[in-house]
$ cat work-v1.pdb   # PDB, C-alpha atoms
MODEL        1
ATOM      1  CA  MET U   1      66.798-148.935  43.916
ATOM      2  CA  ALA U   2      70.416-150.098  43.775
ATOM      3  CA  ALA U   3      69.430-153.594  44.900
ATOM      4  CA  LYS U   4      66.711-153.713  42.256
ATOM      5  CA  HIS U   5      69.159-152.595  39.583
ATOM      6  CA  ALA U   6      71.707-155.237  40.632
ATOM      7  CA  ALA U   7      69.064-157.947  40.525
ATOM      8  CA  HIS U   8      68.117-157.103  36.920
ATOM      9  CA  GLU U   9      71.580-156.244  35.607
ATOM     10  CA  ARG U  10      72.622-158.633  32.859
ATOM     11  CA  HIS U  11      76.001-159.152  31.227
ATOM     12  CA  PHE U  12      76.860-161.456  28.356
ATOM     13  CA  ILE U  13      80.669-161.694  28.544
ATOM     14  CA  SER U  14      80.456-165.183  30.095
ATOM     15  CA  ARG U  15      78.979-166.418  26.816
ATOM     16  CA  VAL U  16      81.667-165.017  24.558
ATOM     17  CA  GLY U  17      83.787-168.193  24.317
ATOM     18  CA  TRP U  18      81.142-170.662  23.204
ATOM     19  CA  LEU U  19      79.077-168.012  21.400
ATOM     20  CA  ARG U  20      81.963-167.092  19.114
ATOM     21  CA  ALA U  21      82.581-170.723  18.171
ATOM     22  CA  ALA U  22      78.856-171.448  17.756
ATOM     23  CA  VAL U  23      78.111-168.475  15.505
ATOM     24  CA  LEU U  24      81.289-168.992  13.482
ATOM     25  CA  GLY U  25      80.561-172.697  13.004
ATOM     26  CA  ALA U  26      76.923-172.314  11.970
ATOM     27  CA  ASN U  27      77.672-169.331   9.744
ATOM     28  CA  ASP U  28      80.447-171.212   7.956
ATOM     29  CA  GLY U  29      78.237-174.267   7.620
ATOM     30  CA  ILE U  30      75.433-172.354   5.927
ATOM     31  CA  ILE U  31      77.615-170.189   3.682
ATOM     32  CA  SER U  32      80.185-172.752   2.578
ATOM     33  CA  VAL U  33      77.775-175.624   1.912
ATOM     34  CA  ALA U  34      75.111-173.403   0.327
ATOM     35  CA  SER U  35      77.738-171.737  -1.865
ATOM     36  CA  LEU U  36      79.146-175.072  -2.954
ATOM     37  CA  ILE U  37      75.685-176.437  -3.694
ATOM     38  CA  VAL U  38      74.774-173.312  -5.666
ATOM     39  CA  GLY U  39      78.059-173.429  -7.569
ATOM     40  CA  VAL U  40      77.622-177.065  -8.589
ATOM     41  CA  ALA U  41      73.893-176.628  -9.250
ATOM     42  CA  ALA U  42      74.732-173.804 -11.663
ATOM     43  CA  THR U  43      76.480-176.386 -13.869
ATOM     44  CA  GLN U  44      74.826-179.185 -15.814
ATOM     45  CA  SER U  45      75.255-181.679 -12.948
ATOM     46  CA  ASP U  46      72.304-183.850 -12.004
ATOM     47  CA  LYS U  47      70.605-183.515  -8.615
ATOM     48  CA  GLY U  48      72.250-186.631  -7.179
ATOM     49  CA  THR U  49      75.690-185.207  -7.842
ATOM     50  CA  VAL U  50      74.737-181.893  -6.264
ATOM     51  CA  VAL U  51      73.350-183.636  -3.168
ATOM     52  CA  LEU U  52      76.471-185.799  -2.831
ATOM     53  CA  THR U  53      78.630-182.695  -3.137
ATOM     54  CA  GLY U  54      76.681-180.961  -0.372
ATOM     55  CA  LEU U  55      76.884-183.999   1.907
ATOM     56  CA  ALA U  56      80.623-184.336   1.374
ATOM     57  CA  ALA U  57      81.039-180.632   2.122
ATOM     58  CA  LEU U  58      79.083-181.020   5.354
ATOM     59  CA  VAL U  59      81.228-183.896   6.641
ATOM     60  CA  ALA U  60      84.551-182.440   5.510
ATOM     61  CA  GLY U  61      83.681-178.981   6.772
ATOM     62  CA  ALA U  62      82.621-180.165  10.220
ATOM     63  CA  LEU U  63      85.823-182.175  10.675
ATOM     64  CA  SER U  64      87.943-179.339   9.335
ATOM     65  CA  MET U  65      86.306-176.836  11.678
ATOM     66  CA  ALA U  66      86.831-179.118  14.662
ATOM     67  CA  ALA U  67      90.481-179.774  13.836
ATOM     68  CA  GLY U  68      91.244-176.147  13.048
ATOM     69  CA  GLU U  69      89.527-174.827  16.148
ATOM     70  CA  TYR U  70      91.222-177.405  18.371
ATOM     71  CA  VAL U  71      94.690-176.610  17.034
ATOM     72  CA  SER U  72      94.115-172.854  17.211
ATOM     73  CA  VAL U  73      92.667-172.798  20.711
ATOM     74  CA  SER U  74      95.239-175.339  21.929
ATOM     75  CA  SER U  75      97.995-172.960  20.824
ATOM     76  CA  GLN U  76      96.286-170.197  22.794
ATOM     77  CA  ALA U  77      95.969-172.483  25.824
ATOM     78  CA  ASP U  78      99.670-173.421  25.601
ATOM     79  CA  THR U  79     100.618-169.755  25.576
ATOM     80  CA  GLU U  80      98.363-169.042  28.541
ATOM     81  CA  ARG U  81      99.856-171.927  30.532
ATOM     82  CA  ALA U  82     103.400-170.798  29.755
ATOM     83  CA  ASP U  83     102.623-167.232  30.808
ATOM     84  CA  LEU U  84     100.953-168.378  34.017
ATOM     85  CA  GLU U  85     103.877-170.647  34.883
ATOM     86  CA  ARG U  86     106.308-167.808  34.250
ATOM     87  CA  GLU U  87     104.210-165.480  36.390
ATOM     88  CA  ARG U  88     103.976-168.056  39.166
ATOM     89  CA  GLN U  89     107.759-168.325  39.297
ATOM     90  CA  GLU U  90     108.206-164.556  39.265
ATOM     91  CA  LEU U  91     105.849-164.249  42.230
ATOM     92  CA  VAL U  92     108.130-166.616  44.129
ATOM     93  CA  ASP U  93     111.403-165.026  43.043
ATOM     94  CA  PHE U  94     110.456-161.332  42.953
ATOM     95  CA  PRO U  95     107.400-160.718  45.173
ATOM     96  CA  ALA U  96     108.219-157.060  45.817
ATOM     97  CA  ALA U  97     108.700-156.303  42.127
ATOM     98  CA  GLU U  98     105.434-158.071  41.283
ATOM     99  CA  LEU U  99     103.611-156.050  43.932
ATOM    100  CA  GLU U 100     104.996-152.854  42.442
ATOM    101  CA  GLU U 101     104.027-153.994  38.957
ATOM    102  CA  LEU U 102     100.428-154.585  40.025
ATOM    103  CA  THR U 103     100.368-151.285  41.884
ATOM    104  CA  GLN U 104     101.480-149.422  38.764
ATOM    105  CA  ILE U 105      98.738-151.110  36.748
ATOM    106  CA  TYR U 106      96.103-149.739  39.138
ATOM    107  CA  VAL U 107      97.734-146.321  39.189
ATOM    108  CA  GLY U 108      97.526-146.334  35.405
ATOM    109  CA  ARG U 109      93.808-147.039  35.671
ATOM    110  CA  GLY U 110      93.216-143.962  37.789
ATOM    111  CA  LEU U 111      93.784-144.931  41.440
ATOM    112  CA  THR U 112      96.022-142.892  43.713
ATOM    113  CA  ARG U 113      99.384-144.428  44.550
ATOM    114  CA  GLU U 114      98.309-145.111  48.143
ATOM    115  CA  LEU U 115      95.011-146.760  47.215
ATOM    116  CA  ALA U 116      96.580-148.730  44.363
ATOM    117  CA  GLU U 117      99.161-150.189  46.736
ATOM    118  CA  VAL U 118      96.466-151.166  49.251
ATOM    119  CA  VAL U 119      94.397-152.859  46.535
ATOM    120  CA  ALA U 120      97.414-154.656  45.066
ATOM    121  CA  THR U 121      98.526-155.857  48.501
ATOM    122  CA  GLN U 122      95.102-157.206  49.413
ATOM    123  CA  LEU U 123      94.562-158.924  46.065
ATOM    124  CA  MET U 124      97.976-160.567  46.182
ATOM    125  CA  ALA U 125      97.318-161.731  49.711
ATOM    126  CA  SER U 126      94.091-163.326  48.536
ATOM    127  CA  ASN U 127      95.296-164.886  45.258
ATOM    128  CA  ALA U 128      98.396-163.342  43.757
ATOM    129  CA  LEU U 129      98.475-165.453  40.605
ATOM    130  CA  GLU U 130      94.825-164.781  39.815
ATOM    131  CA  ALA U 131      95.302-161.041  40.295
ATOM    132  CA  HIS U 132      98.300-160.940  37.946
ATOM    133  CA  ALA U 133      96.680-163.274  35.420
ATOM    134  CA  ARG U 134      93.622-161.041  35.213
ATOM    135  CA  ASP U 135      95.147-157.566  35.430
ATOM    136  CA  GLU U 136      98.636-158.046  33.985
ATOM    137  CA  LEU U 137      98.163-160.860  31.448
ATOM    138  CA  GLY U 138      94.499-160.308  30.597
ATOM    139  CA  ILE U 139      93.573-163.940  31.291
ATOM    140  CA  SER U 140      90.181-164.359  32.936
ATOM    141  CA  GLU U 141      87.848-167.273  33.546
ATOM    142  CA  HIS U 142      85.454-166.152  30.796
ATOM    143  CA  MET U 143      88.183-165.711  28.186
ATOM    144  CA  GLN U 144      90.318-168.747  29.020
ATOM    145  CA  ALA U 145      91.008-171.092  26.106
ATOM    146  CA  ARG U 146      89.121-174.418  26.117
ATOM    147  CA  PRO U 147      90.228-176.416  23.041
ATOM    148  CA  VAL U 148      87.912-179.440  23.336
ATOM    149  CA  GLN U 149      84.838-177.309  23.987
ATOM    150  CA  ALA U 150      85.680-175.040  21.064
ATOM    151  CA  ALA U 151      86.299-177.979  18.699
ATOM    152  CA  LEU U 152      83.092-179.821  19.570
ATOM    153  CA  THR U 153      81.040-176.646  19.420
ATOM    154  CA  SER U 154      82.453-175.697  16.025
ATOM    155  CA  ALA U 155      81.879-179.161  14.536
ATOM    156  CA  ALA U 156      78.338-179.445  15.871
ATOM    157  CA  THR U 157      77.301-175.949  14.843
ATOM    158  CA  PHE U 158      78.902-176.252  11.408
ATOM    159  CA  ALA U 159      76.941-179.446  10.781
ATOM    160  CA  SER U 160      73.759-177.827  12.119
ATOM    161  CA  GLY U 161      74.187-174.906   9.753
ATOM    162  CA  ALA U 162      75.276-177.019   6.785
ATOM    163  CA  ILE U 163      72.294-179.368   6.990
ATOM    164  CA  LEU U 164      69.868-176.510   6.315
ATOM    165  CA  PRO U 165      70.790-175.742   2.679
ATOM    166  CA  LEU U 166      71.156-179.472   2.088
ATOM    167  CA  VAL U 167      67.569-180.065   3.218
ATOM    168  CA  ALA U 168      66.418-177.158   1.052
ATOM    169  CA  LEU U 169      68.131-178.812  -1.910
ATOM    170  CA  LEU U 170      66.473-182.161  -1.234
ATOM    171  CA  LEU U 171      63.045-180.517  -1.130
ATOM    172  CA  SER U 172      63.621-178.467  -4.277
ATOM    173  CA  PRO U 173      63.052-179.467  -7.921
ATOM    174  CA  ARG U 174      66.383-179.547  -9.787
ATOM    175  CA  PRO U 175      65.584-176.555 -12.074
ATOM    176  CA  LEU U 176      64.896-174.359  -9.039
ATOM    177  CA  ALA U 177      67.762-175.626  -6.896
ATOM    178  CA  VAL U 178      69.957-172.538  -7.260
ATOM    179  CA  TRP U 179      67.196-170.115  -6.277
ATOM    180  CA  THR U 180      65.722-172.299  -3.539
ATOM    181  CA  VAL U 181      69.050-172.939  -1.825
ATOM    182  CA  THR U 182      70.121-169.298  -2.165
ATOM    183  CA  ALA U 183      66.876-167.901  -0.760
ATOM    184  CA  SER U 184      66.686-170.383   2.096
ATOM    185  CA  ALA U 185      70.356-169.859   2.984
ATOM    186  CA  LEU U 186      69.856-166.094   3.214
ATOM    187  CA  VAL U 187      66.845-166.622   5.487
ATOM    188  CA  PHE U 188      68.838-169.023   7.667
ATOM    189  CA  LEU U 189      71.738-166.574   7.837
ATOM    190  CA  GLY U 190      69.400-163.779   8.872
ATOM    191  CA  LEU U 191      67.921-165.927  11.623
ATOM    192  CA  LEU U 192      71.400-166.941  12.770
ATOM    193  CA  GLY U 193      72.532-163.332  12.888
ATOM    194  CA  ALA U 194      69.475-162.372  14.920
ATOM    195  CA  LEU U 195      69.946-165.304  17.298
ATOM    196  CA  GLY U 196      73.625-164.566  17.822
ATOM    197  CA  ALA U 197      72.962-160.876  18.437
ATOM    198  CA  THR U 198      70.134-161.591  20.883
ATOM    199  CA  THR U 199      72.179-164.153  22.783
ATOM    200  CA  GLY U 200      75.149-161.811  22.966
ATOM    201  CA  GLY U 201      73.077-158.749  23.836
ATOM    202  CA  SER U 202      74.087-156.741  20.752
ATOM    203  CA  LYS U 203      72.112-154.977  17.995
ATOM    204  CA  VAL U 204      70.082-157.388  15.871
ATOM    205  CA  THR U 205      69.761-155.316  12.687
ATOM    206  CA  LYS U 206      73.493-154.766  12.262
ATOM    207  CA  ALA U 207      74.266-158.454  12.815
ATOM    208  CA  VAL U 208      71.587-159.605  10.357
ATOM    209  CA  VAL U 209      72.649-157.199   7.589
ATOM    210  CA  ARG U 210      76.302-158.125   8.004
ATOM    211  CA  VAL U 211      75.861-161.884   7.790
ATOM    212  CA  VAL U 212      73.260-161.794   4.988
ATOM    213  CA  PHE U 213      75.355-159.406   2.884
ATOM    214  CA  TRP U 214      78.510-161.521   2.970
ATOM    215  CA  GLY U 215      76.534-164.717   2.511
ATOM    216  CA  ALA U 216      74.894-163.304  -0.617
ATOM    217  CA  ILE U 217      78.276-162.225  -2.003
ATOM    218  CA  ALA U 218      79.762-165.688  -1.416
ATOM    219  CA  MET U 219      76.886-167.502  -3.122
ATOM    220  CA  ALA U 220      76.736-165.068  -6.029
ATOM    221  CA  VAL U 221      80.441-165.424  -6.771
ATOM    222  CA  THR U 222      80.333-169.224  -6.474
ATOM    223  CA  ALA U 223      77.252-169.455  -8.700
ATOM    224  CA  GLY U 224      79.004-167.282 -11.283
ATOM    225  CA  VAL U 225      82.078-169.486 -11.251
ATOM    226  CA  GLY U 226      79.941-172.616 -11.538
ATOM    227  CA  HIS U 227      77.965-171.180 -14.443
ATOM    228  CA  ILE U 228      81.056-170.038 -16.365
ATOM    229  CA  PHE U 229      83.123-173.175 -15.958
ATOM    230  CA  GLY U 230      80.137-175.517 -16.064
ATOM    231  CA  THR U 231      79.376-174.444 -19.600
ATOM    232  CA  THR U 232      82.954-174.321 -20.872
ATOM    233  CA  LEU U 233      84.509-177.496 -19.424
TER     234      LEU U 233
ENDMDL
END
$ encode --input "work-v1.pdb" --output "structure tokens"
Amino acid sequence: MAAKHAAHERHFISRVGWLRAAVLGANDGIISVASLIVGVAATQSDKGTVVLTGLAALVAGALSMAAGEYVSVSSQADTERADLERERQELVDFPAAELEELTQIYVGRGLTRELAEVVATQLMASNALEAHARDELGISEHMQARPVQAALTSAATFASGAILPLVALLLSPRPLAVWTVTASALVFLGLLGALGATTGGSKVTKAVVRVVFWGAIAMAVTAGVGHIFGTTL
């Protein structure tokens, strides 16, 4: 029974790095481009202007997401490297103190002092830096910062999300553009929320409601702004 359970046990933590960037990128792509299209379409602008606005938003947004994600995750990676280098030097200079530090961590998690010391000693004998990185610093393989991967994922997923409301606009008559783009964007957001939840092993309904609600708010506010200023300027 235990072997059967182990064979079918599934965890999703290994996907958290790229999944976060993918969902964030696609969600931003749909909401920001759809909102901008709806806001401009709510004015007296012709369809060509609205399409050009959406296309510009797609390109600018994808590049902005890539740059922002790269800078952000690079800062995280720099911090991780500095902490690991500091820990590596401390293991050389103060091995006994580092052993005691790891032992206390395991005692704090519920092990007896004797067992915690045995575990700490064996783990440090195997790979001391890895043990301290994981249990003292909270740095693991699944959570480690990867700037290039995060940047490319964000740019690609933003563009993938942004192209959807743009296509809906192209296929819609100008008088119906606001409603067509809004409705299609909400459907796309719902599908994205369901996909992200399924991939991450979380509850689908909660994810769908959350992303659709905030997407609707964003488009409603932008459409209101476009309507007000489009008729007064």
$ atom_distance --input "work-v1.pdb" --atom1 "atom CA of U:Glu130" --atom2 "atom CA of U:Thr112"
22.3 Å
$ closest_residue --input "work-v1.pdb" --among "U:Val71, U:Val59, U:Ala194, U:Val51" --to "U:Ser160" --atoms "only C-alpha atoms"
U:Val59
$ residues_near_point --input "work-v1.pdb" --point "(69.9, -178.8, 1.7)" --cutoff "10 Å" --atoms "only C-alpha atoms" --output "ChimeraX atom specification"
/U:30,33-34,37,50-51,54-55,161-172,177,180-181,184-185
$ closest_residue --input "work-v1.pdb" --among "U:Ile31, U:Val208, U:Leu36, U:Ala62" --to "U:Phe158" --atoms "all atoms listed in the file"
U:Ala62
$ residues_around --input "work-v1.pdb" --residues "stretch 88-100 of chain U" --least-positions-apart "6" --cutoff "9 Å" --atoms "all atoms listed in the file" --output "ChimeraX atom specification"
/U:117,120-121,124,128-129,132
$ atom_distance --input "work-v1.pdb" --atom1 "atom CA of U:Asn27" --atom2 "atom CA of U:Phe188"
9.1 Å
$ closest_residue --input "work-v1.pdb" --among "U:Arg81, U:Arg146, U:Lys203, U:His227" --to "U:Gly39" --atoms "all atoms listed in the file"
U:His227
$ atom_distance --input "work-v1.pdb" --atom1 "atom CA of U:Asp83" --atom2 "atom CA of U:Leu137"
7.8 Å
$ build_atoms --input "work-v1.pdb" --residues "stretch 165-198 of chain U" --atoms "N, CA and C atoms" --output "mmCIF file, keeping the file's coordinate frame"
data_model
loop_
_atom_site.group_PDB
_atom_site.id
_atom_site.type_symbol
_atom_site.label_atom_id
_atom_site.label_comp_id
_atom_site.auth_asym_id
_atom_site.auth_seq_id
_atom_site.Cartn_x
_atom_site.Cartn_y
_atom_site.Cartn_z
ATOM 1 N N PRO U 165 70.864 -175.838 4.143
ATOM 2 C CA PRO U 165 70.790 -175.742 2.679
ATOM 3 C C PRO U 165 70.704 -177.102 2.005
ATOM 4 N N LEU U 166 71.238 -178.122 2.648
ATOM 5 C CA LEU U 166 71.156 -179.472 2.088
ATOM 6 C C LEU U 166 69.708 -179.961 2.085
ATOM 7 N N VAL U 167 68.991 -179.701 3.156
ATOM 8 C CA VAL U 167 67.569 -180.065 3.218
ATOM 9 C C VAL U 167 66.776 -179.263 2.188
ATOM 10 N N ALA U 168 67.101 -177.983 2.049
ATOM 11 C CA ALA U 168 66.418 -177.158 1.052
ATOM 12 C C ALA U 168 66.632 -177.719 -0.348
ATOM 13 N N LEU U 169 67.836 -178.208 -0.613
ATOM 14 C CA LEU U 169 68.131 -178.812 -1.910
ATOM 15 C C LEU U 169 67.302 -180.074 -2.126
ATOM 16 N N LEU U 170 67.221 -180.907 -1.114
ATOM 17 C CA LEU U 170 66.473 -182.161 -1.234
ATOM 18 C C LEU U 170 64.993 -181.909 -1.507
ATOM 19 N N LEU U 171 64.471 -180.824 -0.964
ATOM 20 C CA LEU U 171 63.045 -180.517 -1.130
ATOM 21 C C LEU U 171 62.752 -179.704 -2.391
ATOM 22 N N SER U 172 63.805 -179.343 -3.115
ATOM 23 C CA SER U 172 63.621 -178.467 -4.277
ATOM 24 C C SER U 172 63.712 -179.247 -5.587
ATOM 25 N N PRO U 173 62.885 -178.899 -6.580
ATOM 26 C CA PRO U 173 63.052 -179.467 -7.921
ATOM 27 C C PRO U 173 64.403 -179.028 -8.492
ATOM 28 N N ARG U 174 65.045 -179.859 -9.258
ATOM 29 C CA ARG U 174 66.383 -179.547 -9.787
ATOM 30 C C ARG U 174 66.447 -178.205 -10.520
ATOM 31 N N PRO U 175 65.475 -177.836 -11.358
ATOM 32 C CA PRO U 175 65.584 -176.555 -12.074
ATOM 33 C C PRO U 175 65.571 -175.332 -11.158
ATOM 34 N N LEU U 176 64.994 -175.490 -9.968
ATOM 35 C CA LEU U 176 64.896 -174.359 -9.039
ATOM 36 C C LEU U 176 65.924 -174.429 -7.910
ATOM 37 N N ALA U 177 66.842 -175.376 -8.005
ATOM 38 C CA ALA U 177 67.762 -175.626 -6.896
ATOM 39 C C ALA U 177 68.581 -174.397 -6.525
ATOM 40 N N VAL U 178 69.112 -173.708 -7.545
ATOM 41 C CA VAL U 178 69.957 -172.538 -7.260
ATOM 42 C C VAL U 178 69.187 -171.488 -6.477
ATOM 43 N N TRP U 179 67.988 -171.168 -6.918
ATOM 44 C CA TRP U 179 67.196 -170.115 -6.277
ATOM 45 C C TRP U 179 66.662 -170.554 -4.920
ATOM 46 N N THR U 180 66.256 -171.808 -4.818
ATOM 47 C CA THR U 180 65.722 -172.299 -3.539
ATOM 48 C C THR U 180 66.798 -172.318 -2.459
ATOM 49 N N VAL U 181 67.955 -172.864 -2.806
ATOM 50 C CA VAL U 181 69.050 -172.939 -1.825
ATOM 51 C C VAL U 181 69.538 -171.544 -1.460
ATOM 52 N N THR U 182 69.656 -170.663 -2.450
ATOM 53 C CA THR U 182 70.121 -169.298 -2.165
ATOM 54 C C THR U 182 69.162 -168.565 -1.235
ATOM 55 N N ALA U 183 67.868 -168.608 -1.574
ATOM 56 C CA ALA U 183 66.876 -167.901 -0.760
ATOM 57 C C ALA U 183 66.807 -168.460 0.653
ATOM 58 N N SER U 184 66.783 -169.777 0.770
ATOM 59 C CA SER U 184 66.686 -170.383 2.096
ATOM 60 C C SER U 184 67.940 -170.107 2.915
ATOM 61 N N ALA U 185 69.112 -170.135 2.268
ATOM 62 C CA ALA U 185 70.356 -169.859 2.984
ATOM 63 C C ALA U 185 70.373 -168.438 3.527
ATOM 64 N N LEU U 186 69.891 -167.483 2.744
ATOM 65 C CA LEU U 186 69.856 -166.094 3.214
ATOM 66 C C LEU U 186 68.903 -165.940 4.400
ATOM 67 N N VAL U 187 67.779 -166.656 4.349
ATOM 68 C CA VAL U 187 66.845 -166.622 5.487
ATOM 69 C C VAL U 187 67.507 -167.226 6.715
ATOM 70 N N PHE U 188 68.162 -168.363 6.541
ATOM 71 C CA PHE U 188 68.838 -169.023 7.667
ATOM 72 C C PHE U 188 69.934 -168.131 8.246
ATOM 73 N N LEU U 189 70.682 -167.470 7.370
ATOM 74 C CA LEU U 189 71.738 -166.574 7.837
ATOM 75 C C LEU U 189 71.166 -165.407 8.626
ATOM 76 N N GLY U 190 70.045 -164.868 8.148
ATOM 77 C CA GLY U 190 69.400 -163.779 8.872
ATOM 78 C C GLY U 190 68.946 -164.215 10.256
ATOM 79 N N LEU U 191 68.366 -165.405 10.326
ATOM 80 C CA LEU U 191 67.921 -165.927 11.623
ATOM 81 C C LEU U 191 69.105 -166.183 12.546
ATOM 82 N N LEU U 192 70.193 -166.700 11.973
ATOM 83 C CA LEU U 192 71.400 -166.941 12.770
ATOM 84 C C LEU U 192 71.972 -165.644 13.303
ATOM 85 N N GLY U 193 72.022 -164.621 12.439
ATOM 86 C CA GLY U 193 72.532 -163.332 12.888
ATOM 87 C C GLY U 193 71.690 -162.748 14.003
ATOM 88 N N ALA U 194 70.376 -162.881 13.882
ATOM 89 C CA ALA U 194 69.475 -162.372 14.920
ATOM 90 C C ALA U 194 69.643 -163.149 16.220
ATOM 91 N N LEU U 195 69.773 -164.473 16.108
ATOM 92 C CA LEU U 195 69.946 -165.304 17.298
ATOM 93 C C LEU U 195 71.249 -164.996 18.006
ATOM 94 N N GLY U 196 72.329 -164.875 17.227
ATOM 95 C CA GLY U 196 73.625 -164.566 17.822
ATOM 96 C C GLY U 196 73.631 -163.209 18.502
ATOM 97 N N ALA U 197 73.007 -162.219 17.860
ATOM 98 C CA ALA U 197 72.962 -160.876 18.437
ATOM 99 C C ALA U 197 72.135 -160.858 19.719
ATOM 100 N N THR U 198 70.996 -161.550 19.700
ATOM 101 C CA THR U 198 70.134 -161.591 20.883
ATOM 102 C C THR U 198 70.828 -162.292 22.038
#
